[in-house]
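Chemist: Next up, protein-v8.pdb (PDB, C-alpha atoms).
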```
ATOM      1  CA  MET A  10      81.484 119.871  74.247  1.00  0.00           C
ATOM      2  CA  LYS A  11      84.907 118.485  75.241  1.00  0.00           C
ATOM      3  CA  LEU A  12      84.209 116.884  78.600  1.00  0.00           C
ATOM      4  CA  ASN A  13      87.786 116.148  79.616  1.00  0.00           C
ATOM      5  CA  GLU A  14      89.066 119.694  79.171  1.00  0.00           C
ATOM      6  CA  ILE A  15      88.714 122.772  81.325  1.00  0.00           C
ATOM      7  CA  ASP A  16      89.595 126.335  80.415  1.00  0.00           C
ATOM      8  CA  VAL A  17      92.619 127.539  82.374  1.00  0.00           C
ATOM      9  CA  ASN A  18      90.605 130.665  83.241  1.00  0.00           C
ATOM     10  CA  GLU A  19      88.362 128.422  85.367  1.00  0.00           C
ATOM     11  CA  LEU A  20      91.281 127.399  87.570  1.00  0.00           C
ATOM     12  CA  TYR A  21      92.221 129.076  90.824  1.00  0.00           C
ATOM     13  CA  PRO A  22      95.512 131.036  90.631  1.00  0.00           C
ATOM     14  CA  THR A  23      97.268 128.322  92.678  1.00  0.00           C
ATOM     15  CA  GLU A  24      95.785 125.419  90.693  1.00  0.00           C
ATOM     16  CA  LYS A  25      97.538 123.142  88.209  1.00  0.00           C
ATOM     17  CA  LEU A  26      95.915 120.487  86.030  1.00  0.00           C
ATOM     18  CA  GLY A  27      96.573 116.809  86.690  1.00  0.00           C
ATOM     19  CA  PRO A  28      95.506 113.673  84.803  1.00  0.00           C
ATOM     20  CA  SER A  29      91.983 113.239  83.455  1.00  0.00           C
ATOM     21  CA  VAL A  30      89.949 110.273  82.233  1.00  0.00           C
ATOM     22  CA  LEU A  31      87.027 110.174  79.798  1.00  0.00           C
ATOM     23  CA  GLY A  32      84.504 107.359  79.652  1.00  0.00           C
ATOM     24  CA  THR A  33      81.010 106.350  80.720  1.00  0.00           C
ATOM     25  CA  ILE A  34      80.027 107.190  84.292  1.00  0.00           C
ATOM     26  CA  ILE A  35      77.483 104.901  85.931  1.00  0.00           C
ATOM     27  CA  TYR A  36      75.289 107.184  88.018  1.00  0.00           C
ATOM     28  CA  LYS A  37      71.517 106.884  88.282  1.00  0.00           C
ATOM     29  CA  VAL A  38      69.535 110.043  87.568  1.00  0.00           C
ATOM     30  CA  GLY A  39      65.850 109.383  86.985  1.00  0.00           C
ATOM     31  CA  GLU A  40      65.541 106.569  84.450  1.00  0.00           C
ATOM     32  CA  GLN A  41      69.047 107.004  83.024  1.00  0.00           C
ATOM     33  CA  SER A  42      72.127 105.464  84.609  1.00  0.00           C
ATOM     34  CA  GLN A  43      74.951 105.881  82.060  1.00  0.00           C
ATOM     35  CA  PHE A  44      76.416 109.222  81.090  1.00  0.00           C
ATOM     36  CA  LYS A  45      79.373 110.187  78.931  1.00  0.00           C
ATOM     37  CA  GLY A  46      81.684 111.967  81.318  1.00  0.00           C
ATOM     38  CA  ALA A  47      85.140 112.818  82.543  1.00  0.00           C
ATOM     39  CA  TYR A  48      87.009 113.301  85.758  1.00  0.00           C
ATOM     40  CA  ILE A  49      89.506 116.159  85.607  1.00  0.00           C
ATOM     41  CA  THR A  50      92.014 116.522  88.425  1.00  0.00           C
ATOM     42  CA  THR A  51      93.874 119.528  89.691  1.00  0.00           C
ATOM     43  CA  ASN A  52      96.189 119.795  92.653  1.00  0.00           C
ATOM     44  CA  GLU A  53      93.193 121.116  94.663  1.00  0.00           C
ATOM     45  CA  ARG A  54      90.051 119.283  93.472  1.00  0.00           C
ATOM     46  CA  VAL A  55      88.405 116.738  91.181  1.00  0.00           C
ATOM     47  CA  ILE A  56      85.903 117.985  88.616  1.00  0.00           C
ATOM     48  CA  MET A  57      83.271 115.621  87.232  1.00  0.00           C
ATOM     49  CA  SER A  58      82.136 116.850  83.817  1.00  0.00           C
ATOM     50  CA  VAL A  59      79.113 115.039  82.358  1.00  0.00           C
ATOM     51  CA  ASP A  60      76.947 115.258  79.247  1.00  0.00           C
ATOM     52  CA  MET A  61      73.401 114.962  80.602  1.00  0.00           C
ATOM     53  CA  ASN A  62      71.373 114.540  77.419  1.00  0.00           C
ATOM     54  CA  GLY A  63      73.177 117.350  75.618  1.00  0.00           C
ATOM     55  CA  GLU A  64      73.419 119.625  78.643  1.00  0.00           C
ATOM     56  CA  PRO A  65      76.828 120.089  80.287  1.00  0.00           C
ATOM     57  CA  TYR A  66      76.887 119.387  84.020  1.00  0.00           C
ATOM     58  CA  ARG A  67      79.837 119.819  86.363  1.00  0.00           C
ATOM     59  CA  ARG A  68      80.289 118.812  89.943  1.00  0.00           C
ATOM     60  CA  VAL A  69      83.356 119.602  92.018  1.00  0.00           C
ATOM     61  CA  PHE A  70      84.761 117.374  94.747  1.00  0.00           C
ATOM     62  CA  SER A  71      87.355 118.180  97.344  1.00  0.00           C
ATOM     63  CA  TYR A  72      89.932 115.465  97.916  1.00  0.00           C
ATOM     64  CA  GLN A  73      88.492 115.301 101.448  1.00  0.00           C
ATOM     65  CA  ASP A  74      85.222 114.030  99.888  1.00  0.00           C
ATOM     66  CA  ILE A  75      86.960 111.013  98.311  1.00  0.00           C
ATOM     67  CA  LYS A  76      88.002 107.867 100.161  1.00  0.00           C
ATOM     68  CA  ALA A  77      89.935 106.108  97.358  1.00  0.00           C
ATOM     69  CA  VAL A  78      90.198 105.354  93.646  1.00  0.00           C
ATOM     70  CA  THR A  79      90.492 101.738  92.531  1.00  0.00           C
ATOM     71  CA  ILE A  80      90.682  99.876  89.255  1.00  0.00           C
ATOM     72  CA  GLU A  81      88.796  96.602  89.314  1.00  0.00           C
ATOM     73  CA  ASP A  82      87.871  93.819  86.890  1.00  0.00           C
ATOM     74  CA  LYS A  83      88.091  94.647  83.192  1.00  0.00           C
ATOM     75  CA  GLY A  84      89.552  98.092  83.873  1.00  0.00           C
ATOM     76  CA  VAL A  85      86.489  99.521  85.631  1.00  0.00           C
ATOM     77  CA  LEU A  86      87.477 102.662  87.530  1.00  0.00           C
ATOM     78  CA  PHE A  87      85.774 103.305  90.869  1.00  0.00           C
ATOM     79  CA  ILE A  88      85.820 106.493  92.899  1.00  0.00           C
ATOM     80  CA  GLU A  89      84.787 105.729  96.450  1.00  0.00           C
ATOM     81  CA  PHE A  90      82.928 108.356  98.442  1.00  0.00           C
ATOM     82  CA  PRO A  91      81.627 107.972 102.007  1.00  0.00           C
ATOM     83  CA  GLU A  92      78.149 107.392 100.470  1.00  0.00           C
ATOM     84  CA  GLY A  93      79.340 104.645  98.076  1.00  0.00           C
ATOM     85  CA  LYS A  94      81.228 104.022  94.844  1.00  0.00           C
ATOM     86  CA  VAL A  95      80.752 105.547  91.397  1.00  0.00           C
ATOM     87  CA  ALA A  96      81.998 103.497  88.431  1.00  0.00           C
ATOM     88  CA  MET A  97      83.463 104.591  85.115  1.00  0.00           C
ATOM     89  CA  ILE A  98      83.485 102.081  82.255  1.00  0.00           C
ATOM     90  CA  ASP A  99      84.531 102.180  78.595  1.00  0.00           C
ATOM     91  CA  ILE A 100      87.417 104.560  79.240  1.00  0.00           C
ATOM     92  CA  GLU A 101      88.334 106.210  75.927  1.00  0.00           C
ATOM     93  CA  GLU A 102      90.971 108.745  76.916  1.00  0.00           C
ATOM     94  CA  GLY A 103      93.416 109.235  79.730  1.00  0.00           C
ATOM     95  CA  ASP A 104      95.879 107.185  81.728  1.00  0.00           C
ATOM     96  CA  VAL A 105      93.779 105.336  84.310  1.00  0.00           C
ATOM     97  CA  GLU A 106      96.766 104.316  86.452  1.00  0.00           C
ATOM     98  CA  ALA A 107      98.134 107.878  86.528  1.00  0.00           C
ATOM     99  CA  PHE A 108      94.680 109.179  87.474  1.00  0.00           C
ATOM    100  CA  LYS A 109      94.310 106.602  90.268  1.00  0.00           C
ATOM    101  CA  ASP A 110      97.770 107.296  91.675  1.00  0.00           C
ATOM    102  CA  TYR A 111      97.330 111.082  91.486  1.00  0.00           C
ATOM    103  CA  VAL A 112      94.021 111.065  93.377  1.00  0.00           C
ATOM    104  CA  ASN A 113      95.081 108.470  95.944  1.00  0.00           C
ATOM    105  CA  GLU A 114      98.204 110.498  96.783  1.00  0.00           C
ATOM    106  CA  ARG A 115      95.944 113.417  97.694  1.00  0.00           C
ATOM    107  CA  VAL A 116      93.228 111.616  99.662  1.00  0.00           C
ATOM    108  CA  GLN A 117      95.506 109.948 102.202  1.00  0.00           C
TER     109      GLN A 117
END
```
As structure tokens, how would this structure be written, given the file I've shared?

Modeler:
Amino acid sequence: MKLNEIDVNELYPTEKLGPSVLGTIIYKVGEQSQFKGAYITTNERVIMSVDMNGEPYRRVFSYQDIKAVTIEDKGVLFIEFPEGKVAMIDIEEGDVEAFKDYVNERVQ
């Protein structure tokens, strides 16, 4: 399961891929709070792709759902939603600055 890739057939006809990042998403589900995951951007949405104990899980966010993306101490990436922030640590693949800039250009 390649978390930071999406099949072009899953894109809308008007959609183009943007930057993606792969790392560990800090998000509490039951007793577990760290999941291997990726954020994949397109010109229309952000797709969160997560490995939940061997099961693929995807969640789609409109840019209207996101307040901002920031990079804080030690390269921790935060996506801020109206409900709070979600962190990504241990980023293995992707250009974090390009991802941040791409998303922030679309949320403002």

Chemist: Which residues, written as a ChimeraX atom specification, have at least one atom at most 10 Å from region 37-51 of chain A, with all atoms listed in the file counted and residues fewer than 3 positions away on the same chain left out?

Modeler: /A:11-15,20-21,23-34,54-62,65-70,72,88,95-103,108,111-112

Chemist: Counting only C-alpha atoms, what is within 10 Å of Ile80 (chain A), bar same-chain residues fewer than 4 positions away, as a list in words?

Modeler: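 Once the adjacent positions are removed, what remains is Gly84, Val85, Leu86, Phe87, Ile88, Ala96, Met97, Val105, Glu106 and Lys109 of chain A.
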
Chemist: When you count only C-alpha atoms, which of these residues is closest to Gln117 (chain A): A:Asn18, A:Asp104, A:Asn52, A:Gln73?

Modeler: A:Gln73

Chemist: To one decimal place, how far is CA of Val116 (chain A) from CA of Ile75 (chain A) in Å?

Modeler: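 Taking CA of Val116 (chain A) as the start and CA of Ile75 (chain A) as the end point, the length is 6.4 Å.
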
Chemist: Please tell me which residues are no farther than 12 Å from (83.9, 106.0, 103.0) in the file, counting only C-alpha atoms, and write them as a ChimeraX atom specification.

Modeler: /A:73-78,88-94,116

Chemist: Quick one: of A:Ile35, A:Ser71, A:Glu53, A:Asp82, who's nearest to Pro22 (chain A), counting only C-alpha atoms?

Modeler: A:Glu53

Chemist: Grab region 17-43 of chain A from that structure and dump N, CA and C atoms to a file, as a compact mmCIF listing (two decimals), in the first residue's frame.

Modeler:
```
# COMPACT_ATOMS: atom_id res chain seq x y z
N VAL A 17 -4.54 8.12 -10.97
CA VAL A 17 -5.10 9.26 -11.71
C VAL A 17 -6.57 9.05 -12.06
N ASN A 18 -7.01 7.80 -12.10
CA ASN A 18 -8.43 7.51 -12.37
C ASN A 18 -9.33 7.95 -11.22
N GLU A 19 -8.75 8.18 -10.05
CA GLU A 19 -9.52 8.63 -8.89
C GLU A 19 -9.69 10.15 -8.87
N LEU A 20 -9.01 10.83 -9.77
CA LEU A 20 -9.10 12.29 -9.81
C LEU A 20 -10.30 12.74 -10.63
N TYR A 21 -10.82 13.90 -10.28
CA TYR A 21 -11.87 14.52 -11.09
C TYR A 21 -11.24 14.97 -12.41
N PRO A 22 -12.02 15.10 -13.48
CA PRO A 22 -11.45 15.51 -14.77
C PRO A 22 -10.69 16.84 -14.71
N THR A 23 -11.08 17.73 -13.82
CA THR A 23 -10.44 19.05 -13.73
C THR A 23 -9.30 19.08 -12.71
N GLU A 24 -9.00 17.94 -12.09
CA GLU A 24 -8.04 17.90 -10.99
C GLU A 24 -6.62 17.60 -11.45
N LYS A 25 -5.66 18.25 -10.78
CA LYS A 25 -4.24 18.00 -11.02
C LYS A 25 -3.57 17.77 -9.67
N LEU A 26 -2.63 16.83 -9.64
CA LEU A 26 -1.91 16.53 -8.40
C LEU A 26 -0.96 17.65 -8.02
N GLY A 27 -0.85 17.88 -6.71
CA GLY A 27 0.12 18.82 -6.15
C GLY A 27 1.10 18.04 -5.28
N PRO A 28 1.80 18.73 -4.39
CA PRO A 28 2.78 18.07 -3.52
C PRO A 28 2.10 17.14 -2.50
N SER A 29 2.86 16.13 -2.08
CA SER A 29 2.38 15.24 -1.02
C SER A 29 3.50 15.06 0.01
N VAL A 30 3.10 14.66 1.21
CA VAL A 30 4.07 14.35 2.27
C VAL A 30 3.66 13.03 2.91
N LEU A 31 4.68 12.26 3.31
CA LEU A 31 4.47 10.96 3.94
C LEU A 31 5.20 10.95 5.27
N GLY A 32 4.51 10.55 6.32
CA GLY A 32 5.13 10.50 7.64
C GLY A 32 4.22 9.79 8.63
N THR A 33 4.29 10.22 9.88
CA THR A 33 3.47 9.65 10.94
C THR A 33 2.47 10.71 11.38
N ILE A 34 1.19 10.41 11.25
CA ILE A 34 0.13 11.34 11.63
C ILE A 34 -0.28 11.04 13.07
N ILE A 35 -0.33 12.08 13.87
CA ILE A 35 -0.74 11.95 15.27
C ILE A 35 -2.23 12.24 15.34
N TYR A 36 -3.01 11.19 15.56
CA TYR A 36 -4.46 11.31 15.53
C TYR A 36 -5.02 10.18 16.38
N LYS A 37 -5.68 10.48 17.46
CA LYS A 37 -6.13 9.45 18.39
C LYS A 37 -7.39 8.75 17.89
N VAL A 38 -7.27 7.43 17.75
CA VAL A 38 -8.40 6.57 17.41
C VAL A 38 -8.34 5.40 18.38
N GLY A 39 -9.28 5.33 19.30
CA GLY A 39 -9.25 4.29 20.32
C GLY A 39 -7.99 4.44 21.16
N GLU A 40 -7.23 3.36 21.28
CA GLU A 40 -6.01 3.38 22.08
C GLU A 40 -4.78 3.82 21.28
N GLN A 41 -4.90 3.87 19.97
CA GLN A 41 -3.76 4.20 19.12
C GLN A 41 -3.79 5.67 18.73
N SER A 42 -2.58 6.28 18.69
CA SER A 42 -2.55 7.70 18.35
C SER A 42 -1.54 8.04 17.25
N GLN A 43 -0.79 7.06 16.76
CA GLN A 43 0.17 7.33 15.68
C GLN A 43 -0.11 6.38 14.52
```
